[in-house]
Amino acid sequence: MKEKLTLFICIVLAAAGGALAQTAPASEEKAVFAGGCFWCMQPPFDHAAGVISTIVGFAGGTEANPTYERVAAGETSHREAIEVTFDPSKTSYAKLLEVFWRNINPIQRDGQFLDVGEQYTSAIFFNSEEQRKAAEGSKGALASSGKFQKPIATVILPAGKFWPAEEYHQKYYLKNRMAYGMYHFTSGRASFQRRFWGAGK
């Protein structure tokens, strides 16, 4: 009787473990992109399928604890950037690269749209060899597509430490809808997107 009870308990525990395994959250991956003003890069990734969360901040620099004021003033070697956490079972890194390209000016070398300076230049920061290869392939495909008449200026770099920006910058497009809308329109980003990618991109 004792052996049968032990066997029954083992079966129940195994079944419960299997159920937990089936409902366990999928693995997560991170992608980091610099596309000029990070306020403008958060909405498209927030709305992309398979994205779990986004954080705007600073990447590519060597200084510790960068602040928005210092980065914006060009006092650090960081770029404004966004860290995207995504579910690879629901989307791919290649899909996120498409979102990235469609929301920047990839041929601008001195910044992005009205924001000029190294801190606003575009970059893809890879976290793995697979991401590096995908980024290189995506950049090459865009360059050979004939969509742009100038070389692609976006650089591909290894990801270092990502520093989150101050809280008031997170989801700025939701916290300050009017100010964000005016900036996005006057910056030229929206018109550039319509010109090269069409409406709704």
# chains A, B, ... in the order shown; residues from 1 in each chain; ligands from 1
$ residues_around --residues "A:Glu75" --least-positions-apart "3" --cutoff "12 Å" --atoms "only C-alpha atoms" --output "list in words"
Gly61, Thr62, Glu63, Pro66, Thr67, Tyr68, Glu69, Arg70, Val71, Ala72, His78, Arg79, Gly117, Glu118 and Gln119 of chain A
$ write_last_selection --atoms "N, CA and C atoms" --output "CSV table (one decimal), in the first residue's frame"
chain,number,residue,atom,x,y,z
A,61,GLY,N,28.7,54.3,-25.1
A,61,GLY,CA,29.7,55.1,-24.5
A,61,GLY,C,30.5,54.4,-23.4
A,62,THR,N,31.5,55.1,-22.9
A,62,THR,CA,32.4,54.6,-21.9
A,62,THR,C,32.2,55.2,-20.5
A,63,GLU,N,31.5,56.3,-20.4
A,63,GLU,CA,31.3,57.0,-19.1
A,63,GLU,C,30.2,56.3,-18.3
A,66,PRO,N,25.6,58.0,-17.2
A,66,PRO,CA,25.4,59.2,-18.1
A,66,PRO,C,24.0,59.8,-17.8
A,67,THR,N,23.8,61.0,-17.9
A,67,THR,CA,22.6,61.7,-17.7
A,67,THR,C,22.1,62.3,-19.0
A,68,TYR,N,20.8,62.5,-19.1
A,68,TYR,CA,20.3,63.1,-20.4
A,68,TYR,C,21.0,64.4,-20.7
A,69,GLU,N,21.1,65.3,-19.7
A,69,GLU,CA,21.7,66.6,-19.9
A,69,GLU,C,23.1,66.5,-20.5
A,70,ARG,N,23.9,65.6,-20.0
A,70,ARG,CA,25.3,65.4,-20.5
A,70,ARG,C,25.3,64.8,-21.9
A,71,VAL,N,24.5,63.8,-22.1
A,71,VAL,CA,24.5,63.1,-23.4
A,71,VAL,C,24.0,64.1,-24.5
A,72,ALA,N,22.9,64.8,-24.2
A,72,ALA,CA,22.3,65.7,-25.1
A,72,ALA,C,23.3,66.9,-25.5
A,78,HIS,N,28.2,58.5,-25.5
A,78,HIS,CA,27.0,57.7,-25.7
A,78,HIS,C,26.1,58.2,-26.8
A,79,ARG,N,25.2,57.3,-27.3
A,79,ARG,CA,24.1,57.7,-28.1
A,79,ARG,C,22.8,57.5,-27.4
A,117,GLY,N,24.5,65.7,-34.1
A,117,GLY,CA,25.5,65.4,-33.1
A,117,GLY,C,25.7,63.9,-33.1
A,118,GLU,N,26.9,63.5,-32.6
A,118,GLU,CA,27.2,62.0,-32.6
A,118,GLU,C,26.2,61.3,-31.7
A,119,GLN,N,25.7,62.0,-30.6
A,119,GLN,CA,24.8,61.3,-29.7
A,119,GLN,C,23.5,61.0,-30.4
$ residues_around --residues "A:Pro164" --least-positions-apart "2" --cutoff "8 Å" --atoms "only C-alpha atoms" --output "count of residues only"
6
$ closest_atom_pairs --of "stretch 52-114 of chain A" --to "stretch 148-155 of chain A" --cutoff "7 Å" --atoms "only C-alpha atoms" --output "JSON lines"
{"residue": "A:Pro106", "atom": "CA", "partner": "A:Ile152", "partner_atom": "CA", "distance": 5.4}
{"residue": "A:Ile107", "atom": "CA", "partner": "A:Ile152", "partner_atom": "CA", "distance": 4.7}
{"residue": "A:Gln108", "atom": "CA", "partner": "A:Ala153", "partner_atom": "CA", "distance": 6.2}
{"residue": "A:Arg109", "atom": "CA", "partner": "A:Ala153", "partner_atom": "CA", "distance": 5.6}
$ select_by_dssp --residues "stretch 24-165 of chain A" --states "strand (DSSP E)" --output "ChimeraX atom specification"
/A:29-34,51-59,79-86,111-112,115-116,123-126,155-158,163-164
$ select_by_dssp --residues "stretch 6-191 of chain A" --states "alpha helix (DSSP H)" --output "mmCIF file with C-alpha atoms, in the first residue's frame"
data_model
loop_
_atom_site.group_PDB
_atom_site.id
_atom_site.type_symbol
_atom_site.label_atom_id
_atom_site.label_comp_id
_atom_site.auth_asym_id
_atom_site.auth_seq_id
_atom_site.Cartn_x
_atom_site.Cartn_y
_atom_site.Cartn_z
ATOM 1 C CA THR A 6 4.376 6.755 -3.255
ATOM 2 C CA LEU A 7 3.883 5.924 -6.936
ATOM 3 C CA PHE A 8 0.636 7.913 -7.025
ATOM 4 C CA ILE A 9 2.330 10.960 -5.479
ATOM 5 C CA CYS A 10 5.161 10.749 -8.021
ATOM 6 C CA ILE A 11 2.686 10.619 -10.913
ATOM 7 C CA VAL A 12 0.787 13.647 -9.598
ATOM 8 C CA LEU A 13 3.979 15.656 -9.102
ATOM 9 C CA ALA A 14 5.224 14.752 -12.578
ATOM 10 C CA ALA A 15 1.933 15.829 -14.116
ATOM 11 C CA ALA A 16 2.005 19.100 -12.206
ATOM 12 C CA GLY A 17 5.569 19.714 -13.298
ATOM 13 C CA GLY A 18 4.608 19.160 -16.912
ATOM 14 C CA ALA A 19 1.750 21.636 -16.635
ATOM 15 C CA LEU A 20 4.037 24.240 -15.099
ATOM 16 C CA ALA A 21 6.578 23.710 -17.869
ATOM 17 C CA GLN A 22 3.870 24.313 -20.471
ATOM 18 C CA THR A 23 2.782 27.590 -18.872
ATOM 19 C CA PHE A 38 14.723 58.064 -28.223
ATOM 20 C CA TRP A 39 11.246 59.499 -27.611
ATOM 21 C CA CYS A 40 10.466 58.763 -31.264
ATOM 22 C CA MET A 41 11.886 55.250 -31.227
ATOM 23 C CA GLN A 42 9.756 53.950 -28.363
ATOM 24 C CA PRO A 43 6.256 54.023 -29.963
ATOM 25 C CA PRO A 44 7.058 51.833 -32.993
ATOM 26 C CA PHE A 45 8.726 49.170 -30.866
ATOM 27 C CA ASP A 46 6.035 49.326 -28.187
ATOM 28 C CA TYR A 68 20.276 63.109 -20.386
ATOM 29 C CA GLU A 69 21.722 66.585 -19.937
ATOM 30 C CA ARG A 70 25.300 65.411 -20.485
ATOM 31 C CA VAL A 71 24.482 63.130 -23.406
ATOM 32 C CA ALA A 72 22.316 65.743 -25.142
ATOM 33 C CA TYR A 93 15.368 39.908 -34.512
ATOM 34 C CA ALA A 94 15.031 40.342 -38.277
ATOM 35 C CA LYS A 95 11.521 41.741 -37.786
ATOM 36 C CA LEU A 96 12.820 44.219 -35.213
ATOM 37 C CA LEU A 97 15.488 45.312 -37.674
ATOM 38 C CA GLU A 98 12.699 46.109 -40.140
ATOM 39 C CA VAL A 99 10.992 48.273 -37.516
ATOM 40 C CA PHE A 100 14.286 50.031 -36.875
ATOM 41 C CA TRP A 101 15.067 50.827 -40.524
ATOM 42 C CA GLU A 129 27.153 36.783 -33.209
ATOM 43 C CA GLU A 130 23.743 35.844 -34.573
ATOM 44 C CA GLN A 131 22.513 39.408 -34.105
ATOM 45 C CA ARG A 132 25.655 40.784 -35.751
ATOM 46 C CA LYS A 133 25.176 38.604 -38.822
ATOM 47 C CA ALA A 134 21.495 39.488 -39.045
ATOM 48 C CA ALA A 135 22.277 43.206 -38.742
ATOM 49 C CA GLU A 136 24.981 43.051 -41.407
ATOM 50 C CA GLY A 137 22.697 41.120 -43.740
ATOM 51 C CA SER A 138 19.823 43.533 -43.178
ATOM 52 C CA LYS A 139 22.026 46.552 -43.789
ATOM 53 C CA GLY A 140 23.406 44.988 -46.955
ATOM 54 C CA ALA A 141 19.929 44.217 -48.249
ATOM 55 C CA LEU A 142 18.805 47.792 -47.648
ATOM 56 C CA ALA A 143 21.909 49.167 -49.353
ATOM 57 C CA TYR A 172 7.332 60.211 -23.180
ATOM 58 C CA TYR A 173 4.877 59.916 -26.071
ATOM 59 C CA LEU A 174 2.196 58.843 -23.580
ATOM 60 C CA LYS A 175 3.084 61.238 -20.769
ATOM 61 C CA ARG A 177 1.198 63.562 -26.036
ATOM 62 C CA MET A 178 0.935 67.117 -27.375
ATOM 63 C CA ALA A 179 4.595 67.999 -26.952
ATOM 64 C CA TYR A 180 5.658 64.681 -28.450
ATOM 65 C CA GLY A 181 3.291 65.016 -31.411
ATOM 66 C CA MET A 182 4.558 68.495 -32.247
ATOM 67 C CA TYR A 183 8.187 67.419 -31.988
ATOM 68 C CA HIS A 184 7.683 64.278 -34.095
ATOM 69 C CA PHE A 185 5.970 66.296 -36.821
ATOM 70 C CA THR A 186 8.357 69.263 -36.920
ATOM 71 C CA ARG A 189 10.759 62.154 -39.181
ATOM 72 C CA ALA A 190 7.097 61.611 -40.070
ATOM 73 C CA SER A 191 7.385 63.113 -43.550
#
$ closest_residue --among "A:Ala49, A:Lys147, A:Trp163, A:Ile156" --to "A:Glu80" --atoms "only C-alpha atoms"
A:Trp163
$ closest_residue --among "A:Cys37, A:Phe192, A:Ser144, A:Ser122" --to "A:Gly60" --atoms "only C-alpha atoms"
A:Ser122
$ atom_distance --atom1 "atom CA of A:Gln112" --atom2 "atom CA of A:Ile124"
14.1 Å
$ closest_residue --among "A:Ser187, A:Thr85, A:Ser128, A:Asn65" --to "A:Val51" --atoms "only C-alpha atoms"
A:Thr85
$ residues_around --residues "A:Val32" --least-positions-apart "3" --cutoff "6 Å" --atoms "only C-alpha atoms" --output "PyMOL selection string"
chain A and resi 82-83+125
$ write_last_selection --atoms "N, CA and C atoms" --output "JSON list (two decimals), in the first residue's frame"
[["chain", "number", "residue", "atom", "x", "y", "z"],
["A", 82, "ILE", "N", 17.51, 52.72, -27.48],
["A", 82, "ILE", "CA", 16.39, 52.00, -26.90],
["A", 82, "ILE", "C", 16.74, 50.53, -26.76],
["A", 83, "GLU", "N", 16.41, 49.97, -25.61],
["A", 83, "GLU", "CA", 16.60, 48.54, -25.37],
["A", 83, "GLU", "C", 15.24, 47.85, -25.47],
["A", 125, "PHE", "N", 23.31, 47.91, -32.04],
["A", 125, "PHE", "CA", 24.23, 47.31, -31.06],
["A", 125, "PHE", "C", 23.88, 45.84, -30.90]]
